[in-house]
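Have a look at the structure below before the remarks.
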Amino acid sequence: MTHWVPDLPVVPLDAPPHILDLVEPFRGRGAAVVDAGGSLDHAELDERSAVVATALRAAGVEPDSPVVVHARLSRWAVVAMLGVLRAGARYVPVDAGFPVARQRYIAEASGARFAVSEPGLDVRLDGLRTVPADTDGPRGGTVRGTLAYTCFTSGSTGRPKGVTISAAALAASTAARLAYYPTPVSTFLLCSSISFDSSVAGIYWTLACGGRLVIPSDRPADLLAVGRAARDHRASHLLMLPSLYDIALRGGLAERAGTLSTVIVAGEACPPDLVRQHFDALPGTRLYNEYGPTECTVWSAVHECTPADADLPDVPIGGAVPGTSLYVRSADGAAVPPGEPGELHIGGPGLAEPARELYRTGDIVSVTAGAELRFHGRADHQLKLGGMRVDRSEIEQALRTHRDVAAAAVGVCTVQGRKKVVGFVSSTTGEVDRRSLRAHLIERLPAVAVPSRIVALPRLPVLPNGKVDHGAIDELAHDTLLQKN
């Protein structure tokens, strides 16, 4: 693989060896992190996290060992993360808003013996020696370890799996943001659970800019709180799932968020209609579509959207972020011609531990004439229907483009040896005209890909990170077809 040539231009990156090189000293003035319960300025964040680091080392925490950060989405979570990093350890974020069984599973699976906990939590994690995030005590110096954090993400076994990111990879990912985005962060609205790596983008980018991190609510999907925070704190930057941003725009977010310079959508495919909605509502605000696996430290490709993207069949995921190399290859590792689909492989300083040359994503992409990537879906989401290969995401995209549909997912199950597809939708108006929707799909999909049934739901089942739970959707498809038969 060392002889492979990247399929997209590589942008050089000058990144420091450790994420703390971008954060220390705490240069910002005014508030550093704000939540519904209070705020900490940059000097207070420096002091609080240094005290936590000293307490952890005194308790016996060793370099690069796992330390659970048990907190809601709050200012105390940020104190705890920085405290663990400054103790030379790696943090394992466990969102206290998650189901208790999931919290305990992640804490146990991490192998951690220590935790830093937000004060006042109802749930305790057994077997861990805990340092409160608001602890008082002496302040010592910073120790720099090799690793930064371990994030648990959905695994192929159905159980979350740990992905460990080095301090150098986190530094490279953050330095790439500083290099790529034209507008520094003054106020970032953090709308991601601490247990998911999208939160990493906002936390360290903001601190590296000396900006203000605003946490509207401990519930990332509390869009009323997001709107209030955008208005009250004059937000400059926002990152959201596309599906959540769609709901936010439909709910009138733009009326309170006129100060936004930058909106980023990531974590799901960005529908072209969302681009149209954005520029209709916030024509002076830049919109970016980011792509990246957890195993590559949040982001690997990015596309700055334009109003013209609203008329494309899908929104590009863009070119390589600074420092990253992107390769599109066939199943046997051969280069594929421009415009032809292949599997995306990623190289660069952002790859997860253990160190490797390339990460094989399992995502199918193609290179456009403009040297950007188009996303075609997951290799493991491709279906063989009536002798044709069709991606689940293609059917979902066709469903989403109907006027009555706010969100859509496709369930797949096998009935009498044949794969069957069921479409699930939530409505923009509360009602779905199924006849109109089926005609809409027939115009856009091969006949074999049109769902055998379409079911309206009040809302789609989602995972804790807000993405559609395709496992639950597949079970619903099976139950729906059993009832039909």
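Simple scheme: letters A, B, ... for chains in structure tokens order, numbers from 1 for residues in each chain, numbers from 1 for ligands in the order shown.
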
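Close contacts of Glu353 in chain A, defined as residues with an atom at most 9 Å away when counting only C-alpha atoms, with chain neighbours fewer than 2 positions off set aside, comprise Leu147, Val163, Thr164, Ile165, Ser166, Glu295, Leu351, Ala355 and Arg356 of chain A.
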
Please run DSSP on the backbone and report, as number ranges by chain, all residues within range 447-481 of chain A that come out as strand (DSSP E or B).
A: 453-456, 462, 468

Residue among A:Ala235, A:Cys296, A:Val68, A:Ile317 lying closest to Ala266 in chain A, counting only C-alpha atoms:
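When distances to Ala266 in chain A are compared using only C-alpha atoms, the smallest one comes from A:Ile317.
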
Report the residues of range 215-285 of chain A whose backbone DSSP state falls under helix (DSSP H, G or I), written as a compact mmCIF listing (two decimals) with N, CA and C atoms, in the first residue's frame.
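Below is the file that was written, out-v4.txt:
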# COMPACT_ATOMS: atom_id res chain seq x y z
N LEU A 223 -33.71 21.47 21.02
CA LEU A 223 -33.56 22.53 20.03
C LEU A 223 -34.08 23.88 20.53
N LEU A 224 -35.00 23.88 21.47
CA LEU A 224 -35.41 25.16 22.06
C LEU A 224 -34.24 25.80 22.80
N ALA A 225 -33.49 24.97 23.53
CA ALA A 225 -32.32 25.49 24.24
C ALA A 225 -31.24 25.94 23.26
N VAL A 226 -31.07 25.22 22.16
CA VAL A 226 -30.09 25.61 21.14
C VAL A 226 -30.43 26.99 20.58
N GLY A 227 -31.71 27.21 20.28
CA GLY A 227 -32.13 28.50 19.75
C GLY A 227 -31.88 29.64 20.73
N ARG A 228 -32.21 29.40 22.00
CA ARG A 228 -31.98 30.44 23.01
C ARG A 228 -30.50 30.74 23.15
N ALA A 229 -29.69 29.68 23.17
CA ALA A 229 -28.24 29.88 23.33
C ALA A 229 -27.64 30.61 22.13
N ALA A 230 -28.11 30.27 20.93
CA ALA A 230 -27.61 30.94 19.72
C ALA A 230 -27.88 32.44 19.80
N ARG A 231 -29.06 32.80 20.27
CA ARG A 231 -29.43 34.21 20.37
C ARG A 231 -28.70 34.90 21.53
N ASP A 232 -28.74 34.29 22.69
CA ASP A 232 -28.22 34.96 23.89
C ASP A 232 -26.70 35.10 23.88
N PRO A 242 -27.10 16.20 10.24
CA PRO A 242 -27.99 16.80 9.23
C PRO A 242 -29.47 16.67 9.59
N SER A 243 -29.86 15.50 10.09
CA SER A 243 -31.28 15.30 10.42
C SER A 243 -31.73 16.24 11.54
N LEU A 244 -30.86 16.50 12.51
CA LEU A 244 -31.21 17.41 13.59
C LEU A 244 -31.23 18.86 13.11
N TYR A 245 -30.28 19.20 12.24
CA TYR A 245 -30.24 20.56 11.70
C TYR A 245 -31.48 20.83 10.85
N ASP A 246 -31.93 19.82 10.12
CA ASP A 246 -33.16 19.95 9.33
C ASP A 246 -34.34 20.30 10.24
N ILE A 247 -34.47 19.58 11.34
CA ILE A 247 -35.58 19.84 12.27
C ILE A 247 -35.43 21.23 12.89
N ALA A 248 -34.17 21.61 13.20
CA ALA A 248 -33.93 22.92 13.80
C ALA A 248 -34.34 24.05 12.85
N LEU A 249 -33.99 23.92 11.57
CA LEU A 249 -34.37 24.95 10.61
C LEU A 249 -35.88 25.02 10.44
N ARG A 250 -36.52 23.86 10.37
CA ARG A 250 -37.98 23.84 10.23
C ARG A 250 -38.64 24.46 11.46
N LEU A 253 -34.92 27.96 13.82
CA LEU A 253 -33.62 28.29 14.41
C LEU A 253 -33.02 29.54 13.79
N ALA A 254 -33.18 29.69 12.47
CA ALA A 254 -32.51 30.79 11.77
C ALA A 254 -32.91 32.16 12.33
N GLU A 255 -34.13 32.26 12.86
CA GLU A 255 -34.58 33.55 13.41
C GLU A 255 -33.77 33.97 14.63
N PRO A 272 -29.60 17.08 -0.31
CA PRO A 272 -29.58 18.35 -1.05
C PRO A 272 -30.63 19.35 -0.59
N ASP A 273 -31.80 18.85 -0.17
CA ASP A 273 -32.85 19.78 0.26
C ASP A 273 -32.44 20.54 1.52
N LEU A 274 -31.57 19.94 2.34
CA LEU A 274 -31.10 20.64 3.54
C LEU A 274 -30.24 21.84 3.13
N VAL A 275 -29.46 21.68 2.06
CA VAL A 275 -28.66 22.80 1.55
C VAL A 275 -29.58 23.94 1.12
N ARG A 276 -30.67 23.58 0.44
CA ARG A 276 -31.63 24.59 0.00
C ARG A 276 -32.24 25.31 1.21
N GLN A 277 -32.66 24.53 2.20
CA GLN A 277 -33.24 25.14 3.40
C GLN A 277 -32.25 26.08 4.07
N HIS A 278 -31.01 25.65 4.18
CA HIS A 278 -30.00 26.46 4.86
C HIS A 278 -29.83 27.81 4.18
N PHE A 279 -29.61 27.80 2.86
CA PHE A 279 -29.33 29.07 2.18
C PHE A 279 -30.57 29.94 2.04
N ASP A 280 -31.75 29.32 2.07
CA ASP A 280 -32.97 30.12 2.12
C ASP A 280 -33.09 30.86 3.45
N ALA A 281 -32.68 30.17 4.53
CA ALA A 281 -32.87 30.72 5.88
C ALA A 281 -31.68 31.56 6.34

Could you check the closest approach to Glu47 in chain A for each of A:Leu213, A:Val79, A:Ala320, A:Ala456 and tell me which residue wins, using only C-alpha atoms?
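Among the listed residues, A:Val79 lies closest to Glu47 in chain A.
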
Considering only C-alpha atoms, return as a PyMOL selection string whatever protein or nucleic-acid residues lie within 9 Å of Thr183 in chain A, sequence-local ones (same chain, fewer than 4 positions apart) excluded.
chain A and resi 178+236+261-262

Need the shell around range 129-146 of chain A: protein/DNA/RNA residues with any atom at most 9 Å away, counting only C-alpha atoms. Skip same-chain ones fewer than 6 positions apart. Format as a ChimeraX atom specification?
/A:18,20,47-56,59,63-64,68,76-77,79-80,83,85-90,113-119,166-168

For the selection just defined, write its residues with N, CA, C and O atoms to a file, as a short mmCIF file (atom, residue, chain, number, x, y, z; two decimals), in the first residue's frame.
data_model
loop_
_atom_site.label_atom_id
_atom_site.label_comp_id
_atom_site.auth_asym_id
_atom_site.auth_seq_id
_atom_site.Cartn_x
_atom_site.Cartn_y
_atom_site.Cartn_z
N HIS A 18 1.30 17.25 20.38
CA HIS A 18 0.36 16.92 21.45
C HIS A 18 -0.76 17.95 21.46
O HIS A 18 -0.54 19.14 21.23
N LEU A 20 -2.28 19.27 23.87
CA LEU A 20 -2.11 20.32 24.87
C LEU A 20 -1.24 21.46 24.36
O LEU A 20 -1.30 22.58 24.90
N GLU A 47 -7.12 26.34 36.05
CA GLU A 47 -6.91 25.98 37.46
C GLU A 47 -7.65 24.71 37.84
O GLU A 47 -7.07 23.79 38.45
N ARG A 48 -8.92 24.63 37.48
CA ARG A 48 -9.73 23.45 37.85
C ARG A 48 -9.15 22.16 37.26
O ARG A 48 -9.03 21.14 37.93
N SER A 49 -8.79 22.20 35.98
CA SER A 49 -8.28 20.99 35.32
C SER A 49 -6.91 20.61 35.86
O SER A 49 -6.58 19.42 35.99
N ALA A 50 -6.08 21.61 36.21
CA ALA A 50 -4.77 21.31 36.79
C ALA A 50 -4.91 20.65 38.16
O ALA A 50 -4.15 19.73 38.50
N VAL A 51 -5.86 21.09 38.95
CA VAL A 51 -6.10 20.47 40.27
C VAL A 51 -6.58 19.03 40.10
O VAL A 51 -6.14 18.12 40.83
N VAL A 52 -7.48 18.79 39.16
CA VAL A 52 -7.94 17.42 38.88
C VAL A 52 -6.76 16.55 38.46
O VAL A 52 -6.61 15.40 38.91
N ALA A 53 -5.89 17.07 37.59
CA ALA A 53 -4.73 16.30 37.13
C ALA A 53 -3.83 15.93 38.30
O ALA A 53 -3.35 14.78 38.41
N THR A 54 -3.60 16.87 39.20
CA THR A 54 -2.75 16.61 40.36
C THR A 54 -3.37 15.55 41.26
O THR A 54 -2.68 14.65 41.76
N ALA A 55 -4.69 15.63 41.47
CA ALA A 55 -5.38 14.65 42.30
C ALA A 55 -5.32 13.25 41.68
O ALA A 55 -5.16 12.25 42.39
N LEU A 56 -5.43 13.17 40.35
CA LEU A 56 -5.36 11.87 39.70
C LEU A 56 -3.97 11.25 39.85
O LEU A 56 -3.84 10.05 40.15
N ALA A 59 -3.48 9.92 43.22
CA ALA A 59 -4.26 8.70 43.46
C ALA A 59 -3.61 7.48 42.83
O ALA A 59 -4.02 6.35 43.11
N PRO A 63 0.65 6.97 33.34
CA PRO A 63 0.58 7.52 31.98
C PRO A 63 -0.16 6.60 31.01
O PRO A 63 0.05 5.37 31.03
N ASP A 64 -1.03 7.19 30.19
CA ASP A 64 -1.79 6.51 29.13
C ASP A 64 -2.82 5.52 29.64
O ASP A 64 -3.48 4.83 28.84
N VAL A 68 -12.16 7.07 33.36
CA VAL A 68 -13.52 7.38 32.94
C VAL A 68 -13.85 8.84 33.27
O VAL A 68 -13.56 9.31 34.38
N TRP A 76 -18.41 20.61 33.54
CA TRP A 76 -17.60 19.69 34.34
C TRP A 76 -16.99 18.59 33.49
O TRP A 76 -15.91 18.07 33.80
N ALA A 77 -17.66 18.22 32.41
CA ALA A 77 -17.09 17.24 31.49
C ALA A 77 -15.81 17.77 30.87
O ALA A 77 -14.81 17.05 30.72
N VAL A 79 -13.79 20.14 32.15
CA VAL A 79 -12.79 20.15 33.21
C VAL A 79 -12.17 18.76 33.36
O VAL A 79 -10.94 18.60 33.45
N ALA A 80 -13.02 17.74 33.39
CA ALA A 80 -12.55 16.37 33.60
C ALA A 80 -11.67 15.89 32.45
O ALA A 80 -10.61 15.28 32.68
N GLY A 83 -8.38 17.59 32.70
CA GLY A 83 -7.67 17.09 33.87
C GLY A 83 -7.01 15.75 33.60
O GLY A 83 -5.85 15.51 33.99
N LEU A 85 -6.13 14.55 30.62
CA LEU A 85 -5.03 14.77 29.67
C LEU A 85 -3.81 15.36 30.35
O LEU A 85 -2.67 14.97 30.08
N ARG A 86 -4.01 16.29 31.27
CA ARG A 86 -2.90 16.95 31.94
C ARG A 86 -2.26 16.06 33.01
O ARG A 86 -1.17 16.35 33.50
N ALA A 87 -2.95 14.95 33.36
CA ALA A 87 -2.36 13.94 34.23
C ALA A 87 -1.54 12.93 33.44
O ALA A 87 -0.92 12.04 34.02
N GLY A 88 -1.56 13.06 32.09
CA GLY A 88 -0.82 12.13 31.24
C GLY A 88 -1.58 10.87 30.90
O GLY A 88 -1.03 9.94 30.29
N ALA A 89 -2.87 10.82 31.26
CA ALA A 89 -3.69 9.63 31.01
C ALA A 89 -4.58 9.87 29.80
O ALA A 89 -4.53 10.91 29.14
N ARG A 90 -5.43 8.89 29.49
CA ARG A 90 -6.41 9.03 28.41
C ARG A 90 -7.80 8.91 29.02
O ARG A 90 -8.04 8.09 29.91
N ARG A 113 -9.66 2.00 36.21
CA ARG A 113 -9.73 1.85 37.67
C ARG A 113 -10.07 3.17 38.35
O ARG A 113 -10.37 3.21 39.54
N PHE A 114 -10.00 4.26 37.57
CA PHE A 114 -10.23 5.59 38.11
C PHE A 114 -11.29 6.32 37.27
O PHE A 114 -11.48 6.00 36.10
N ALA A 115 -11.93 7.31 37.90
CA ALA A 115 -12.91 8.13 37.19
C ALA A 115 -12.83 9.56 37.71
O ALA A 115 -12.43 9.80 38.85
N VAL A 116 -13.21 10.49 36.84
CA VAL A 116 -13.49 11.86 37.25
C VAL A 116 -14.97 12.07 37.01
O VAL A 116 -15.47 11.84 35.89
N SER A 117 -15.68 12.50 38.04
CA SER A 117 -17.14 12.53 37.97
C SER A 117 -17.67 13.93 38.20
O SER A 117 -17.17 14.69 39.06
N GLU A 118 -18.70 14.28 37.43
CA GLU A 118 -19.43 15.53 37.65
C GLU A 118 -20.11 15.49 39.01
O GLU A 118 -20.70 14.46 39.38
N PRO A 119 -20.08 16.57 39.77
CA PRO A 119 -20.77 16.57 41.06
C PRO A 119 -22.28 16.43 40.90
O PRO A 119 -22.87 16.95 39.95
N SER A 166 -4.68 8.93 19.74
CA SER A 166 -3.49 9.47 20.39
C SER A 166 -3.59 10.98 20.55
O SER A 166 -4.37 11.66 19.87
N ALA A 167 -2.74 11.52 21.44
CA ALA A 167 -2.70 12.98 21.63
C ALA A 167 -2.18 13.66 20.38
O ALA A 167 -2.58 14.79 20.07
N ALA A 168 -1.31 12.98 19.63
CA ALA A 168 -0.81 13.55 18.38
C ALA A 168 -1.89 13.58 17.31
O ALA A 168 -2.00 14.55 16.54
#

Find the nearest atom pair between each residue of range 142-197 of chain A and range 462-473 of chain A for residues within 8 Å, count only C-alpha atoms, give distances in Å to one decimal, sort rows by chain and ascending number, and present the table as JSON lines.
{"residue": "A:Ser192", "atom": "CA", "partner": "A:Asn465", "partner_atom": "CA", "distance": 7.6}
{"residue": "A:Ser193", "atom": "CA", "partner": "A:Asn465", "partner_atom": "CA", "distance": 6.8}
{"residue": "A:Phe196", "atom": "CA", "partner": "A:Asn465", "partner_atom": "CA", "distance": 6.6}

Choose the residue, out of A:Gly423, A:Pro354, A:Gly333, A:Pro283, that has the smallest atom-to-atom separation from Val5 in chain A; count only C-alpha atoms.
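Smallest separation from Val5 in chain A among the options: A:Gly333.
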
Determine, counting only C-alpha atoms, which protein, DNA and RNA residues have an atom within 6 Å of an atom of Asp404 in chain A; residues of the same chain fewer than 2 positions away are not included. Present the result as a PyMOL selection string.
chain A and resi 402+427-428+432

Keeping only all heavy atoms, write those residues as a PDB file, in the first residue's frame.
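out_10.pdb written:
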ATOM      1  N   HIS A 402     -39.213  13.506  -0.871  1.00  0.00           N
ATOM      2  CA  HIS A 402     -40.639  13.767  -1.038  1.00  0.00           C
ATOM      3  C   HIS A 402     -41.077  14.880  -0.095  1.00  0.00           C
ATOM      4  O   HIS A 402     -40.591  14.994   1.032  1.00  0.00           O
ATOM      5  CB  HIS A 402     -41.445  12.494  -0.764  1.00  0.00           C
ATOM      6  CG  HIS A 402     -42.890  12.623  -1.101  1.00  0.00           C
ATOM      7  ND1 HIS A 402     -43.831  13.023  -0.181  1.00  0.00           N
ATOM      8  CD2 HIS A 402     -43.563  12.430  -2.266  1.00  0.00           C
ATOM      9  CE1 HIS A 402     -45.028  13.053  -0.746  1.00  0.00           C
ATOM     10  NE2 HIS A 402     -44.893  12.693  -2.021  1.00  0.00           N
ATOM     11  N   SER A 427     -43.217  12.385   9.162  1.00  0.00           N
ATOM     12  CA  SER A 427     -43.793  13.376   8.255  1.00  0.00           C
ATOM     13  C   SER A 427     -43.488  14.803   8.683  1.00  0.00           C
ATOM     14  O   SER A 427     -43.318  15.095   9.868  1.00  0.00           O
ATOM     15  CB  SER A 427     -45.304  13.179   8.183  1.00  0.00           C
ATOM     16  OG  SER A 427     -45.914  14.226   7.472  1.00  0.00           O
ATOM     17  N   THR A 428     -43.439  15.684   7.697  1.00  0.00           N
ATOM     18  CA  THR A 428     -43.298  17.117   7.967  1.00  0.00           C
ATOM     19  C   THR A 428     -44.606  17.724   8.439  1.00  0.00           C
ATOM     20  O   THR A 428     -44.614  18.760   9.110  1.00  0.00           O
ATOM     21  CB  THR A 428     -42.848  17.852   6.695  1.00  0.00           C
ATOM     22  OG1 THR A 428     -43.796  17.585   5.652  1.00  0.00           O
ATOM     23  CG2 THR A 428     -41.480  17.386   6.256  1.00  0.00           C
ATOM     24  N   VAL A 432     -48.780  11.413   5.570  1.00  0.00           N
ATOM     25  CA  VAL A 432     -48.006  11.020   4.391  1.00  0.00           C
ATOM     26  C   VAL A 432     -48.966  10.495   3.333  1.00  0.00           C
ATOM     27  O   VAL A 432     -49.752   9.574   3.602  1.00  0.00           O
ATOM     28  CB  VAL A 432     -46.966   9.940   4.741  1.00  0.00           C
ATOM     29  CG1 VAL A 432     -46.241   9.469   3.482  1.00  0.00           C
ATOM     30  CG2 VAL A 432     -45.965  10.471   5.757  1.00  0.00           C
TER      31      VAL A 432
END

So which residues touch range 309-316 of chain A within 12 Å, counting only C-alpha atoms, skipping near sequence neighbours fewer than 6 positions away, as an mmCIF file with N, CA and C atoms, in the first residue's frame?
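Written file, out_7.cif:
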data_model
loop_
_atom_site.group_PDB
_atom_site.id
_atom_site.type_symbol
_atom_site.label_atom_id
_atom_site.label_comp_id
_atom_site.auth_asym_id
_atom_site.auth_seq_id
_atom_site.Cartn_x
_atom_site.Cartn_y
_atom_site.Cartn_z
ATOM 1 N N PRO A 242 -27.102 16.201 10.241
ATOM 2 C CA PRO A 242 -27.987 16.799 9.234
ATOM 3 C C PRO A 242 -29.469 16.666 9.588
ATOM 4 N N VAL A 265 -22.445 20.241 9.148
ATOM 5 C CA VAL A 265 -23.246 19.028 9.333
ATOM 6 C C VAL A 265 -22.333 17.830 9.134
ATOM 7 N N ALA A 266 -22.530 16.801 9.941
ATOM 8 C CA ALA A 266 -21.650 15.634 9.911
ATOM 9 C C ALA A 266 -22.343 14.466 10.579
ATOM 10 N N GLU A 268 -23.977 11.925 9.144
ATOM 11 C CA GLU A 268 -24.952 11.304 8.246
ATOM 12 C C GLU A 268 -24.797 11.956 6.876
ATOM 13 N N ALA A 269 -25.435 11.344 5.873
ATOM 14 C CA ALA A 269 -25.464 11.974 4.553
ATOM 15 C C ALA A 269 -26.246 13.279 4.623
ATOM 16 N N CYS A 270 -25.739 14.304 3.948
ATOM 17 C CA CYS A 270 -26.411 15.605 3.901
ATOM 18 C C CYS A 270 -27.348 15.645 2.698
ATOM 19 N N PRO A 271 -28.664 15.728 2.893
ATOM 20 C CA PRO A 271 -29.594 15.764 1.762
ATOM 21 C C PRO A 271 -29.496 17.098 1.009
ATOM 22 N N PRO A 272 -29.605 17.082 -0.307
ATOM 23 C CA PRO A 272 -29.582 18.354 -1.054
ATOM 24 C C PRO A 272 -30.635 19.347 -0.590
ATOM 25 N N ASP A 273 -31.804 18.847 -0.174
ATOM 26 C CA ASP A 273 -32.849 19.778 0.257
ATOM 27 C C ASP A 273 -32.444 20.540 1.518
ATOM 28 N N LEU A 274 -31.574 19.938 2.344
ATOM 29 C CA LEU A 274 -31.104 20.639 3.539
ATOM 30 C C LEU A 274 -30.237 21.837 3.133
ATOM 31 N N VAL A 275 -29.459 21.683 2.063
ATOM 32 C CA VAL A 275 -28.661 22.802 1.554
ATOM 33 C C VAL A 275 -29.585 23.937 1.121
ATOM 34 N N ARG A 276 -30.674 23.582 0.438
ATOM 35 C CA ARG A 276 -31.635 24.593 -0.003
ATOM 36 C C ARG A 276 -32.241 25.308 1.211
ATOM 37 N N GLN A 277 -32.658 24.529 2.195
ATOM 38 C CA GLN A 277 -33.242 25.136 3.396
ATOM 39 C C GLN A 277 -32.252 26.079 4.073
ATOM 40 N N HIS A 278 -31.014 25.649 4.180
ATOM 41 C CA HIS A 278 -30.003 26.462 4.860
ATOM 42 C C HIS A 278 -29.829 27.813 4.181
ATOM 43 N N PHE A 279 -29.609 27.804 2.864
ATOM 44 C CA PHE A 279 -29.327 29.065 2.181
ATOM 45 C C PHE A 279 -30.572 29.937 2.037
ATOM 46 N N ASP A 280 -31.749 29.316 2.066
ATOM 47 C CA ASP A 280 -32.974 30.122 2.121
ATOM 48 C C ASP A 280 -33.089 30.859 3.452
ATOM 49 N N LEU A 287 -21.956 26.894 4.961
ATOM 50 C CA LEU A 287 -22.389 25.545 5.327
ATOM 51 C C LEU A 287 -21.351 24.552 4.828
ATOM 52 N N TYR A 288 -20.932 23.652 5.718
ATOM 53 C CA TYR A 288 -19.930 22.641 5.382
ATOM 54 C C TYR A 288 -20.481 21.248 5.663
ATOM 55 N N ASN A 289 -20.146 20.316 4.780
ATOM 56 C CA ASN A 289 -20.508 18.915 4.958
ATOM 57 C C ASN A 289 -19.232 18.140 5.261
ATOM 58 N N GLU A 290 -19.110 17.647 6.502
ATOM 59 C CA GLU A 290 -17.915 16.907 6.902
ATOM 60 C C GLU A 290 -18.170 15.408 6.870
ATOM 61 N N TYR A 291 -17.087 14.673 6.602
ATOM 62 C CA TYR A 291 -17.127 13.208 6.616
ATOM 63 C C TYR A 291 -15.915 12.717 7.388
ATOM 64 N N ALA A 301 -12.642 14.312 5.377
ATOM 65 C CA ALA A 301 -12.991 15.028 4.143
ATOM 66 C C ALA A 301 -14.003 16.109 4.482
ATOM 67 N N VAL A 302 -14.019 17.171 3.650
ATOM 68 C CA VAL A 302 -14.943 18.275 3.907
ATOM 69 C C VAL A 302 -15.290 18.952 2.587
ATOM 70 N N HIS A 303 -16.537 19.389 2.504
ATOM 71 C CA HIS A 303 -17.036 20.098 1.316
ATOM 72 C C HIS A 303 -17.732 21.366 1.772
ATOM 73 N N VAL A 365 -17.301 5.232 -2.324
ATOM 74 C CA VAL A 365 -17.256 6.608 -2.810
ATOM 75 C C VAL A 365 -16.806 6.608 -4.265
ATOM 76 N N SER A 366 -16.904 7.767 -4.899
ATOM 77 C CA SER A 366 -16.313 7.979 -6.216
ATOM 78 C C SER A 366 -15.730 9.381 -6.254
ATOM 79 N N VAL A 367 -14.803 9.617 -7.187
ATOM 80 C CA VAL A 367 -14.153 10.915 -7.327
ATOM 81 C C VAL A 367 -14.819 11.679 -8.459
ATOM 82 N N THR A 368 -15.270 12.901 -8.171
ATOM 83 C CA THR A 368 -15.942 13.722 -9.176
ATOM 84 C C THR A 368 -14.925 14.398 -10.087
ATOM 85 N N ALA A 369 -15.434 14.998 -11.166
ATOM 86 C CA ALA A 369 -14.560 15.747 -12.075
ATOM 87 C C ALA A 369 -13.921 16.933 -11.369
ATOM 88 N N GLY A 370 -14.549 17.425 -10.302
ATOM 89 C CA GLY A 370 -14.002 18.536 -9.540
ATOM 90 C C GLY A 370 -13.081 18.107 -8.410
ATOM 91 N N ALA A 371 -12.629 16.833 -8.439
ATOM 92 C CA ALA A 371 -11.696 16.299 -7.442
ATOM 93 C C ALA A 371 -12.278 16.338 -6.031
ATOM 94 N N GLU A 372 -13.541 15.933 -5.928
ATOM 95 C CA GLU A 372 -14.167 15.754 -4.623
ATOM 96 C C GLU A 372 -14.767 14.358 -4.572
ATOM 97 N N LEU A 373 -15.082 13.922 -3.354
ATOM 98 C CA LEU A 373 -15.682 12.608 -3.179
ATOM 99 C C LEU A 373 -17.197 12.701 -3.121
ATOM 100 N N ARG A 374 -17.845 11.740 -3.782
ATOM 101 C CA ARG A 374 -19.277 11.488 -3.600
ATOM 102 C C ARG A 374 -19.420 10.235 -2.755
ATOM 103 N N PHE A 375 -20.334 10.274 -1.822
ATOM 104 C CA PHE A 375 -20.568 9.136 -0.929
ATOM 105 C C PHE A 375 -21.730 8.307 -1.470
ATOM 106 N N HIS A 376 -21.484 7.012 -1.637
ATOM 107 C CA HIS A 376 -22.517 6.120 -2.178
ATOM 108 C C HIS A 376 -23.086 5.169 -1.135
ATOM 109 N N GLY A 377 -22.590 5.228 0.085
ATOM 110 C CA GLY A 377 -23.136 4.370 1.130
ATOM 111 C C GLY A 377 -22.116 3.374 1.634
ATOM 112 N N SER A 393 -28.884 3.469 1.411
ATOM 113 C CA SER A 393 -28.929 4.930 1.516
ATOM 114 C C SER A 393 -29.549 5.573 0.282
ATOM 115 N N GLU A 394 -29.437 4.920 -0.877
ATOM 116 C CA GLU A 394 -30.053 5.464 -2.091
ATOM 117 C C GLU A 394 -31.576 5.471 -1.969
ATOM 118 N N GLU A 396 -33.236 5.478 0.917
ATOM 119 C CA GLU A 396 -33.568 6.446 1.962
ATOM 120 C C GLU A 396 -33.531 7.873 1.428
ATOM 121 N N GLN A 397 -32.549 8.161 0.589
ATOM 122 C CA GLN A 397 -32.457 9.493 0.010
ATOM 123 C C GLN A 397 -33.675 9.796 -0.862
ATOM 124 N N ALA A 398 -34.112 8.812 -1.650
ATOM 125 C CA ALA A 398 -35.296 9.008 -2.495
ATOM 126 C C ALA A 398 -36.533 9.276 -1.640
ATOM 127 N N ARG A 400 -36.549 10.676 1.347
ATOM 128 C CA ARG A 400 -36.413 11.980 2.001
ATOM 129 C C ARG A 400 -36.723 13.156 1.091
ATOM 130 N N THR A 401 -36.607 12.949 -0.213
ATOM 131 C CA THR A 401 -36.832 14.068 -1.122
ATOM 132 C C THR A 401 -38.308 14.332 -1.399
ATOM 133 N N ARG A 444 -37.721 7.562 -9.351
ATOM 134 C CA ARG A 444 -36.335 7.770 -8.936
ATOM 135 C C ARG A 444 -35.543 6.500 -8.683
#

Nearest to Arg75 in chain A, restricted to only C-alpha atoms and choosing among A:Val33, A:Leu385, A:Cys305, A:Val421, comes out as A:Val33

Determine, counting only C-alpha atoms, which protein, DNA and RNA residues have an atom within 7 Å of an atom of Pro6 in chain A; residues of the same chain fewer than 6 positions away are not included. Present the result as a list of chain:residue names.
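Those residues are A:Ser325, A:Leu326, A:Tyr327.
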
A:Ile442, A:Asp479, A:Val390, A:Ser217: which is nearest Thr414 in chain A, counting only C-alpha atoms?
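With only C-alpha atoms as the atom set, the closest residue is A:Asp479.
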
Have a look at A:Tyr149, A:Glu44, A:Trp4, A:Val100 and name the one nearest to Val67 in chain A; count only C-alpha atoms.
A:Tyr149
